[in-house]
$ cat data.txt   # compact mmCIF, C-alpha atoms
# COMPACT_ATOMS: atom_id res chain seq x y z
CA MET X 1 116.62 -18.31 70.62
CA GLU X 2 120.32 -17.69 70.15
CA PHE X 3 122.40 -15.66 72.60
CA PHE X 4 125.58 -13.89 71.67
CA VAL X 5 128.19 -13.49 74.38
CA ILE X 6 130.54 -10.71 73.39
CA SER X 7 133.51 -9.61 75.44
CA ARG X 8 134.38 -5.98 75.91
CA GLN X 9 137.62 -6.64 74.07
CA SER X 10 135.74 -7.51 70.84
CA PRO X 11 133.63 -4.48 69.85
CA LEU X 12 133.93 -5.32 66.15
CA LEU X 13 132.54 -8.81 66.73
CA PHE X 14 129.62 -7.29 68.67
CA VAL X 15 128.74 -4.94 65.81
CA LEU X 16 128.88 -7.75 63.25
CA ALA X 17 126.70 -9.98 65.39
CA LEU X 18 124.12 -7.25 65.95
CA PHE X 19 124.03 -6.45 62.23
CA SER X 20 123.43 -10.11 61.36
CA VAL X 21 120.49 -10.33 63.77
CA LEU X 22 118.87 -7.20 62.36
CA PHE X 23 119.45 -8.33 58.79
CA VAL X 24 117.84 -11.74 59.35
CA SER X 25 114.90 -10.21 61.23
CA GLY X 26 114.36 -7.64 58.51
CA CYS X 27 114.27 -10.29 55.80
CA ALA X 28 111.71 -12.27 57.75
CA VAL X 29 109.12 -9.46 57.77
CA ASP X 30 109.82 -7.77 54.43
CA LYS X 31 106.83 -8.68 52.27
CA ARG X 32 107.03 -5.91 49.72
CA PRO X 33 106.06 -6.94 46.18
CA GLU X 34 108.76 -7.03 43.55
CA ALA X 35 106.87 -4.61 41.34
CA TYR X 36 104.18 -1.98 41.78
CA SER X 37 101.32 -1.05 39.44
CA ASN X 38 99.33 2.17 39.22
CA ALA X 39 96.05 2.14 41.14
CA ILE X 40 94.28 4.20 38.49
CA LEU X 41 94.85 4.24 34.76
CA VAL X 42 94.50 7.78 33.45
CA SER X 43 93.83 8.43 29.78
CA SER X 44 95.07 11.63 28.21
CA ALA X 45 92.72 11.28 25.22
CA PHE X 46 90.32 14.16 24.59
CA PRO X 47 86.71 13.17 25.43
CA ALA X 48 84.91 11.87 22.36
CA HIS X 49 81.89 14.18 22.76
CA GLY X 50 84.03 17.33 22.82
CA SER X 51 84.43 19.61 19.81
CA SER X 52 87.78 20.17 18.12
CA GLN X 53 86.46 22.92 15.84
CA SER X 54 88.74 25.94 15.68
CA GLN X 55 85.86 28.36 16.31
CA TYR X 56 85.51 26.90 19.81
CA ALA X 57 89.23 26.66 20.64
CA ALA X 58 89.46 29.53 23.16
CA LEU X 59 86.07 28.78 24.67
CA GLN X 60 86.93 25.09 24.95
CA GLN X 61 90.08 25.90 26.89
CA ALA X 62 88.15 28.06 29.34
CA LEU X 63 85.44 25.42 29.79
CA LEU X 64 87.93 22.61 30.37
CA SER X 65 89.34 24.53 33.33
CA ARG X 66 85.84 24.32 34.86
CA ASN X 67 85.41 20.55 34.17
CA LEU X 68 83.19 21.34 31.19
CA LEU X 69 83.46 21.20 27.41
CA ILE X 70 81.50 22.20 24.33
CA ALA X 71 80.24 19.75 21.69
CA ASP X 72 80.09 20.35 17.95
CA ASN X 73 76.44 21.42 18.22
CA GLY X 74 77.36 24.20 20.68
CA GLU X 75 76.02 22.43 23.77
CA VAL X 76 78.08 22.65 26.97
CA LEU X 77 78.43 19.28 28.70
CA PRO X 78 80.33 17.65 31.58
CA VAL X 79 83.88 16.83 30.56
CA MET X 80 83.31 13.17 31.47
CA LYS X 81 80.60 10.99 32.98
CA GLY X 82 82.51 10.39 36.22
CA MET X 83 81.77 14.00 37.19
CA CYS X 84 78.13 13.14 37.94
CA GLU X 85 79.04 10.45 40.51
CA ALA X 86 76.05 8.51 39.13
CA ASP X 87 75.43 6.91 35.74
CA MET X 88 73.79 9.26 33.25
CA LEU X 89 71.49 7.59 30.72
CA TYR X 90 70.17 9.27 27.60
CA HIS X 91 66.36 9.28 27.72
CA ILE X 92 65.02 8.39 24.27
CA SER X 93 61.58 9.81 23.53
CA SER X 94 62.08 10.49 19.81
CA THR X 95 64.38 9.43 16.99
CA ASN X 96 65.95 12.90 16.87
CA LEU X 97 69.16 12.23 18.80
CA PRO X 98 71.93 14.75 19.57
CA PRO X 99 74.86 14.57 17.13
CA TYR X 100 77.26 13.41 19.85
CA ILE X 101 75.25 10.23 20.43
CA GLY X 102 77.51 7.62 18.91
CA GLN X 103 80.51 9.37 20.45
CA HIS X 104 79.07 9.39 23.95
CA GLN X 105 81.24 6.79 25.67
CA ASP X 106 82.81 9.45 27.91
CA LEU X 107 79.44 11.03 28.76
CA TYR X 108 76.55 8.56 28.91
CA ALA X 109 76.44 5.08 30.43
CA GLY X 110 73.67 3.99 28.06
CA PHE X 111 70.03 4.62 27.19
CA TYR X 112 66.61 4.59 28.80
CA PHE X 113 63.20 4.44 27.10
CA ASP X 114 59.55 3.62 27.86
CA VAL X 115 57.57 1.18 25.73
CA ALA X 116 53.86 0.36 25.49
CA LEU X 117 51.65 -2.02 23.54
CA VAL X 118 49.71 0.02 20.99
CA ASN X 119 47.30 -1.89 18.74
CA GLY X 120 49.20 -5.09 19.39
CA SER X 121 52.66 -3.67 18.59
CA TRP X 122 55.39 -2.46 20.93
CA LYS X 123 56.04 1.27 20.57
CA VAL X 124 58.56 3.63 22.15
CA VAL X 125 56.48 6.29 23.88
CA ASN X 126 57.02 9.72 25.40
CA THR X 127 55.39 9.68 28.82
CA ASP X 128 55.90 10.95 32.36
CA ASN X 129 57.48 9.22 35.33
CA ASP X 130 54.10 7.83 36.43
CA PHE X 131 53.49 6.41 32.94
CA GLY X 132 50.24 8.31 32.54
CA GLN X 133 49.21 9.50 29.11
CA PHE X 134 51.77 9.56 26.31
CA ASN X 135 51.71 12.11 23.52
CA SER X 136 53.93 10.48 20.90
CA GLU X 137 54.95 7.03 19.79
CA PHE X 138 57.09 5.32 17.19
CA ASP X 139 57.90 1.75 16.23
CA LEU X 140 60.55 -0.13 18.15
CA ALA X 141 61.93 -1.22 14.77
CA LEU X 142 62.54 2.43 13.86
CA LEU X 143 64.47 2.96 17.08
CA THR X 144 66.53 -0.09 16.24
CA SER X 145 67.57 1.33 12.87
CA VAL X 146 68.47 4.71 14.39
CA LEU X 147 70.17 3.53 17.57
CA THR X 148 72.01 0.35 16.58
CA PRO X 149 74.80 2.13 14.63
CA ARG X 150 75.37 4.45 17.61
CA ILE X 151 75.42 1.97 20.48
CA MET X 152 78.76 1.68 22.23
CA PRO X 153 80.13 -1.65 23.52
CA ASN X 154 79.69 -0.76 27.21
CA ASP X 155 76.24 0.81 26.93
CA THR X 156 73.40 -0.32 29.18
CA LEU X 157 69.83 -0.37 27.87
CA THR X 158 67.16 0.30 30.49
CA ILE X 159 63.64 -0.44 29.25
CA ARG X 160 60.40 0.23 31.12
CA PRO X 161 57.25 -1.43 29.78
CA GLN X 162 53.84 -0.06 30.73
CA PRO X 163 52.88 -0.86 34.35
CA ASN X 164 49.86 -3.02 33.43
CA VAL X 165 51.89 -5.35 31.23
CA THR X 166 51.02 -9.05 31.38
CA ALA X 167 53.52 -11.86 31.86
CA LYS X 168 52.88 -13.04 28.30
CA ALA X 169 53.39 -9.59 26.78
CA LEU X 170 56.54 -9.06 28.85
CA GLY X 171 57.93 -12.36 27.60
CA GLU X 172 57.26 -11.33 24.00
CA LEU X 173 58.95 -7.98 24.60
CA MET X 174 62.06 -9.61 26.04
CA SER X 175 62.25 -12.01 23.09
CA LEU X 176 61.85 -9.09 20.68
CA MET X 177 64.59 -7.10 22.37
CA GLN X 178 66.93 -10.06 22.23
CA SER X 179 66.49 -10.24 18.46
CA VAL X 180 66.82 -6.53 17.64
CA PHE X 181 69.41 -5.16 20.08
CA PRO X 182 72.75 -6.96 20.39
CA VAL X 183 73.38 -5.39 23.78
CA LYS X 184 74.60 -7.62 26.59
CA ARG X 185 73.73 -5.22 29.39
CA THR X 186 69.95 -4.88 29.09
CA ARG X 187 67.64 -4.42 32.06
CA PHE X 188 63.89 -4.14 32.48
CA VAL X 189 61.98 -1.95 34.93
CA VAL X 190 59.13 -4.08 36.27
CA SER X 191 57.19 -4.74 39.46
CA SER X 192 58.48 -7.35 41.88
CA LYS X 193 55.97 -9.97 40.66
CA PHE X 194 57.88 -10.14 37.35
CA ALA X 195 61.33 -10.26 38.95
CA LYS X 196 61.80 -14.00 38.55
CA GLN X 197 60.62 -13.95 34.92
CA VAL X 198 63.08 -11.20 33.98
CA GLU X 199 66.04 -12.80 35.73
CA GLN X 200 65.31 -16.25 34.31
CA ALA X 201 65.33 -14.70 30.84
CA GLY X 202 68.89 -13.56 31.52
CA TYR X 203 68.20 -9.85 31.93
CA ASP X 204 69.07 -7.50 34.76
CA LEU X 205 66.24 -6.34 36.97
CA VAL X 206 65.21 -2.84 38.02
CA LEU X 207 62.22 -2.67 40.33
CA SER X 208 59.46 -0.16 39.61
CA SER X 209 59.28 0.72 43.32
CA ALA X 210 61.65 0.68 46.28
CA GLY X 211 63.17 -2.69 47.11
CA ALA X 212 65.90 -3.78 49.46
CA SER X 213 68.12 -5.78 47.13
CA HIS X 214 67.79 -4.23 43.68
CA LEU X 215 68.16 -0.96 41.84
CA TYR X 216 64.76 0.71 41.65
CA LEU X 217 63.00 3.53 39.82
CA GLY X 218 62.55 6.65 41.93
CA ASP X 219 59.14 8.24 42.38
CA THR X 220 58.13 11.49 40.71
CA LEU X 221 59.20 13.63 43.69
CA SER X 222 62.80 12.51 43.14
CA THR X 223 62.84 13.72 39.52
CA SER X 224 63.29 17.19 38.06
CA ALA X 225 62.94 18.88 34.70
CA ALA X 226 66.52 17.81 33.96
CA GLN X 227 66.60 14.42 35.72
CA GLU X 228 63.57 12.90 34.03
CA ARG X 229 64.06 9.50 35.68
CA THR X 230 66.03 8.59 38.77
CA PHE X 231 67.32 5.22 39.98
CA PHE X 232 68.27 4.42 43.56
CA LYS X 233 69.64 1.62 45.67
CA LEU X 234 69.26 1.24 49.42
CA ASP X 235 72.46 1.08 51.43
CA TYR X 236 72.97 -0.92 54.64
CA THR X 237 71.30 1.84 56.69
CA ALA X 238 68.23 1.89 54.39
CA ASN X 239 69.19 5.26 52.91
CA ALA X 240 68.46 5.66 49.21
CA GLU X 241 71.56 6.45 47.14
CA LEU X 242 71.24 7.92 43.66
CA LYS X 243 72.91 5.45 41.31
CA ALA X 244 71.68 6.61 37.90
CA PHE X 245 69.42 9.12 36.20
CA ALA X 246 68.00 9.62 32.72
CA ALA X 247 68.23 12.97 30.95
CA SER X 248 67.66 14.30 27.45
CA GLU X 249 67.21 18.06 27.10
CA GLN X 250 69.45 19.21 29.98
CA PRO X 251 72.27 16.73 30.61
CA LEU X 252 74.58 19.35 32.12
CA VAL X 253 71.99 20.54 34.63
CA ALA X 254 71.07 16.93 35.45
CA CYS X 255 74.71 16.12 36.18
CA MET X 256 75.17 19.28 38.27
CA GLN X 257 72.10 18.36 40.31
CA ALA X 258 73.63 14.96 41.04
CA HIS X 259 77.03 16.36 42.04
CA ASN X 260 78.53 19.84 42.34
CA PHE X 261 81.52 19.19 40.09
CA VAL X 262 82.11 22.55 38.37
CA GLN X 263 85.42 24.08 39.41
CA PRO X 264 85.39 27.55 41.04
CA PRO X 265 85.94 30.55 38.74
CA SER X 266 89.52 31.57 38.09
CA LYS X 267 88.64 35.27 38.27
CA LYS X 268 86.61 37.23 40.79
CA PHE X 269 83.88 39.52 39.51
CA SER X 270 84.39 43.26 39.87
CA ASN X 271 82.84 46.29 38.22
CA LYS X 272 86.17 47.01 36.52
CA LEU X 273 86.35 43.55 34.96
CA LYS X 274 85.44 43.31 31.28
CA ALA X 275 83.77 40.36 29.57
CA ASN X 276 84.47 41.07 25.93
CA ASP X 277 84.13 37.45 24.84
CA LEU X 278 82.59 34.19 26.02
CA PRO X 279 85.83 32.71 27.45
CA SER X 280 86.06 35.76 29.72
CA VAL X 281 82.51 35.07 30.90
CA VAL X 282 83.30 31.41 31.60
CA ASN X 283 86.31 32.39 33.73
CA VAL X 284 84.19 34.46 36.11
CA LEU X 285 80.84 32.62 36.26
CA PRO X 286 79.98 31.03 39.63
CA SER X 287 79.87 27.24 39.82
CA ASN X 288 76.07 27.16 39.96
CA ALA X 289 75.66 29.18 36.75
CA ASP X 290 73.92 27.97 33.60
CA PHE X 291 76.80 27.47 31.18
CA ASN X 292 74.46 26.76 28.27
CA GLN X 293 73.26 30.39 28.33
CA LEU X 294 76.61 32.07 27.75
CA SER X 295 75.30 34.84 25.50
CA GLU X 296 72.71 35.74 28.11
CA GLN X 297 75.39 35.51 30.81
CA GLN X 298 77.51 37.99 28.87
CA ARG X 299 74.57 40.39 28.70
CA LEU X 300 73.83 40.03 32.43
CA PHE X 301 77.51 40.53 33.25
CA THR X 302 77.22 44.26 32.55
CA THR X 303 74.53 44.49 35.26
CA GLY X 304 76.56 42.49 37.80
CA GLN X 305 74.22 39.51 37.59
CA TYR X 306 74.23 35.93 36.33
CA LEU X 307 71.75 33.13 35.57
CA THR X 308 71.75 30.00 37.74
CA ILE X 309 70.95 26.45 36.63
CA ASN X 310 67.57 26.87 38.33
CA GLY X 311 66.72 29.86 36.13
CA ASP X 312 67.21 32.47 38.87
CA VAL X 313 69.01 35.76 38.21
CA LEU X 314 71.40 36.53 41.08
CA LYS X 315 73.95 39.22 41.79
CA TYR X 316 77.63 38.30 41.72
CA SER X 317 77.98 40.18 45.01
CA THR X 318 75.47 37.83 46.66
CA TYR X 319 77.44 34.80 45.52
CA GLN X 320 80.72 36.32 46.70
CA LYS X 321 79.31 37.09 50.16
CA LEU X 322 78.17 33.49 50.53
CA GLN X 323 81.59 32.25 49.44
CA ALA X 324 83.45 34.64 51.74
CA GLY X 325 81.55 33.31 54.73
CA SER X 326 82.48 29.72 53.95
CA ARG X 327 85.75 28.18 55.09
CA CYS X 328 85.34 25.63 52.32
CA SER X 329 85.65 28.35 49.70
CA ARG X 330 89.20 29.01 50.84
CA LEU X 331 90.30 25.43 50.21
CA ALA X 332 92.05 24.41 47.02
CA PRO X 333 90.51 21.51 45.04
CA SER X 334 93.63 19.48 45.85
CA ASP X 335 93.01 19.81 49.61
CA PRO X 336 91.70 16.55 51.16
CA LEU X 337 88.92 18.51 52.88
CA TYR X 338 87.68 20.07 49.63
CA LYS X 339 85.54 17.12 48.53
CA TYR X 340 84.22 16.72 52.07
CA CYS X 341 83.06 20.34 52.01
CA GLU X 342 81.42 19.90 48.62
CA ASP X 343 79.52 16.84 49.86
CA ARG X 344 78.39 18.64 53.00
CA LYS X 345 77.15 21.59 50.93
CA GLN X 346 74.98 19.17 48.99
CA ASP X 347 73.66 17.67 52.21
CA VAL X 348 71.98 20.96 53.07
CA SER X 349 70.74 21.82 49.59
CA THR X 350 67.02 21.46 48.98
CA ASP X 351 67.61 19.67 45.72
CA TYR X 352 69.74 17.02 47.39
CA ILE X 353 67.48 16.49 50.42
CA ARG X 354 64.54 15.57 48.23
CA ARG X 355 66.62 12.77 46.72
CA LYS X 356 67.22 11.00 50.02
CA ALA X 357 64.75 8.61 51.57
CA THR X 358 64.80 6.36 54.59
CA MET X 359 62.79 3.15 54.81
CA ARG X 360 61.77 1.94 58.24
CA LYS X 361 60.21 -1.38 59.12
CA GLN X 362 56.81 -0.81 60.67
CA GLY X 363 55.24 -2.97 63.35
CA ASN X 364 56.84 -6.12 64.69

$ encode --input "data.txt" --output "structure tokens"
Amino acid sequence: MEFFVISRQSPLLFVLALFSVLFVSGCAVDKRPEAYSNAILVSSAFPAHGSSQSQYAALQQALLSRNLLIADNGEVLPVMKGMCEADMLYHISSTNLPPYIGQHQDLYAGFYFDVALVNGSWKVVNTDNDFGQFNSEFDLALLTSVLTPRIMPNDTLTIRPQPNVTAKALGELMSLMQSVFPVKRTRFVVSSKFAKQVEQAGYDLVLSSAGASHLYLGDTLSTSAAQERTFFKLDYTANAELKAFAASEQPLVACMQAHNFVQPPSKKFSNKLKANDLPSVVNVLPSNADFNQLSEQQRLFTTGQYLTINGDVLKYSTYQKLQAGSRCSRLAPSDPLYKYCEDRKQDVSTDYIRRKATMRKQGN
């Protein structure tokens, strides 16, 4: 260590010496990078599934302010798939696909379908979560012709064969899928006894029941009319976290059930307020409203009521009283506590509680 002996008669020398020590010390600990890069890349492109038709222009603007948008077929959808905070898969049970499939890269993470051996041939079937009886079927080759032109590069295919499938039949199915679908990210929902066979074939594995190390298919109690299939993964505390869900008829409701992402209304309901058009209705609807029933919402508006995503008719005054009693309702979306409040509100909702499960080791 160097010592500087400075006389009282040399104040300038003292200042220069002190400056040199600080300068050298500062250089020794300054590890800042020469250049910085953005943590998140944000695209300003309009979501591919949104409509640009002039007839929807005003309505589209109102919906976008609520994190929603309208597609060309008139269906209201989440503005982007990140809103759900879980991957949304389109559940294929027929060849009649929505027109925005093929432009779904900002909405869906891929596709899900059930298959069964019928008279020696693999068919896509429409069945329930327990894979009981199925009421319709069509050839896998037909699905190939319909879906292949609409598959996006980052899509994931999730395929569930019938529960009583044999190892031989499963092997034939995997070989068939490899020849008809040029999709890199394909996964099969099977029981644990087939795990090794699926992984050795180069496919991703989804277990048909809860497992500690893999994504797994949720039981029927974890599903809803909108979320037709659910997929979970256990965290380090053995709590089940919703990672994906499959939906077809009600994608907006399914996404809202996964995460409360709809922005609060920009206008507060009052008896003096008029809703002469659909954009006016969108601006006042509560966040738990059914935005795919806008004509009905406009009719109910005159009675001071609205329709929720659960099909209940509630008074605006009831919603406003609940909001007024909540400190969270007074926070702006930009406030750091806003998201915390939204998550806590979901913690106490019945719909969210039924999606959580805890596994405990029994015995020794």

$ atom_distance --input "data.txt" --atom1 "CA of Gly102 in chain X" --atom2 "CA of Thr308 in chain X"
29.8 Å

$ closest_residue --input "data.txt" --among "X:Val262, X:Val198, X:Leu215, X:Val282" --to "Asp235 in chain X" --atoms "all atoms listed in the file"
X:Leu215

$ closest_residue --input "data.txt" --among "X:Gly311, X:Asp128, X:Asp290, X:Thr166" --to "Asp219 in chain X" --atoms "only C-alpha atoms"
X:Asp128

$ closest_residue --input "data.txt" --among "X:Phe134, X:Thr303, X:Thr223, X:Ser93" --to "Lys274 in chain X" --atoms "all atoms listed in the file"
X:Thr303

$ residues_around --input "data.txt" --residues "Pro98 in chain X" --least-positions-apart "4" --cutoff "12 Å" --atoms "only C-alpha atoms" --output "list in words"
His49, Ala71, Asp72, Asn73, Gly74, Glu75, Tyr90, His91, Ile92, Ser94, Gly102, Gln103, His104, Val146, Leu147, Arg150, Ser248, Glu249, Gln250 and Pro251 of chain X

$ residues_near_point --input "data.txt" --point "(84.6, 25.9, 43.9)" --cutoff "7 Å" --atoms "only C-alpha atoms" --output "PyMOL selection string"
chain X and resi 262-264+287+329

$ closest_residue --input "data.txt" --among "X:Leu173, X:Asn310, X:Tyr316, X:Pro279" --to "Gln61 in chain X" --atoms "only C-alpha atoms"
X:Pro279

$ residues_near_point --input "data.txt" --point "(83.4, 16.2, 21.8)" --cutoff "12 Å" --atoms "all atoms listed in the file" --output "PyMOL selection string"
chain X and resi 45-53+56+60+64+68-80+98-107

$ write_last_selection --input "data.txt" --atoms "C-alpha atoms" --output "CSV table (one decimal), in the coordinates of the input"
chain,number,residue,atom,x,y,z
X,45,ALA,CA,92.7,11.3,25.2
X,46,PHE,CA,90.3,14.2,24.6
X,47,PRO,CA,86.7,13.2,25.4
X,48,ALA,CA,84.9,11.9,22.4
X,49,HIS,CA,81.9,14.2,22.8
X,50,GLY,CA,84.0,17.3,22.8
X,51,SER,CA,84.4,19.6,19.8
X,52,SER,CA,87.8,20.2,18.1
X,53,GLN,CA,86.5,22.9,15.8
X,56,TYR,CA,85.5,26.9,19.8
X,60,GLN,CA,86.9,25.1,25.0
X,64,LEU,CA,87.9,22.6,30.4
X,68,LEU,CA,83.2,21.3,31.2
X,69,LEU,CA,83.5,21.2,27.4
X,70,ILE,CA,81.5,22.2,24.3
X,71,ALA,CA,80.2,19.8,21.7
X,72,ASP,CA,80.1,20.4,18.0
X,73,ASN,CA,76.4,21.4,18.2
X,74,GLY,CA,77.4,24.2,20.7
X,75,GLU,CA,76.0,22.4,23.8
X,76,VAL,CA,78.1,22.6,27.0
X,77,LEU,CA,78.4,19.3,28.7
X,78,PRO,CA,80.3,17.6,31.6
X,79,VAL,CA,83.9,16.8,30.6
X,80,MET,CA,83.3,13.2,31.5
X,98,PRO,CA,71.9,14.8,19.6
X,99,PRO,CA,74.9,14.6,17.1
X,100,TYR,CA,77.3,13.4,19.8
X,101,ILE,CA,75.2,10.2,20.4
X,102,GLY,CA,77.5,7.6,18.9
X,103,GLN,CA,80.5,9.4,20.4
X,104,HIS,CA,79.1,9.4,24.0
X,105,GLN,CA,81.2,6.8,25.7
X,106,ASP,CA,82.8,9.4,27.9
X,107,LEU,CA,79.4,11.0,28.8

$ closest_residue --input "data.txt" --among "X:Met88, X:Ala169, X:Thr144, X:Gln178" --to "Phe231 in chain X" --atoms "only C-alpha atoms"
X:Met88

$ atom_distance --input "data.txt" --atom1 "CA of Asp114 in chain X" --atom2 "CA of Glu137 in chain X"
9.9 Å

$ atom_distance --input "data.txt" --atom1 "CA of Leu300 in chain X" --atom2 "CA of Leu252 in chain X"
20.7 Å

$ residues_around --input "data.txt" --residues "range 204-210 of chain X" --least-positions-apart "3" --cutoff "7 Å" --atoms "all atoms listed in the file" --output "list in words"
Thr186, Arg187, Phe188, Val189, Val190, Ser191, Ser192, Ala195, Val198, Glu199, His214, Leu215, Tyr216, Leu217 and Gly218 of chain X

$ closest_residue --input "data.txt" --among "X:Ser213, X:Gln197, X:Gln162, X:Ser224" --to "Gly132 in chain X" --atoms "all atoms listed in the file"
X:Gln162

$ residues_around --input "data.txt" --residues "Thr220 in chain X" --least-positions-apart "5" --cutoff "10 Å" --atoms "only C-alpha atoms" --output "number ranges by chain"
X: 128-130, 228-230

$ axis_aligned_box --input "data.txt" --around "range 97-105 of chain X" --padding-each-side "6 Å" --output "JSON"
{"center_x": 75.2, "center_y": 10.8, "center_z": 21.4, "size_x": 24.1, "size_y": 20.0, "size_z": 20.5}
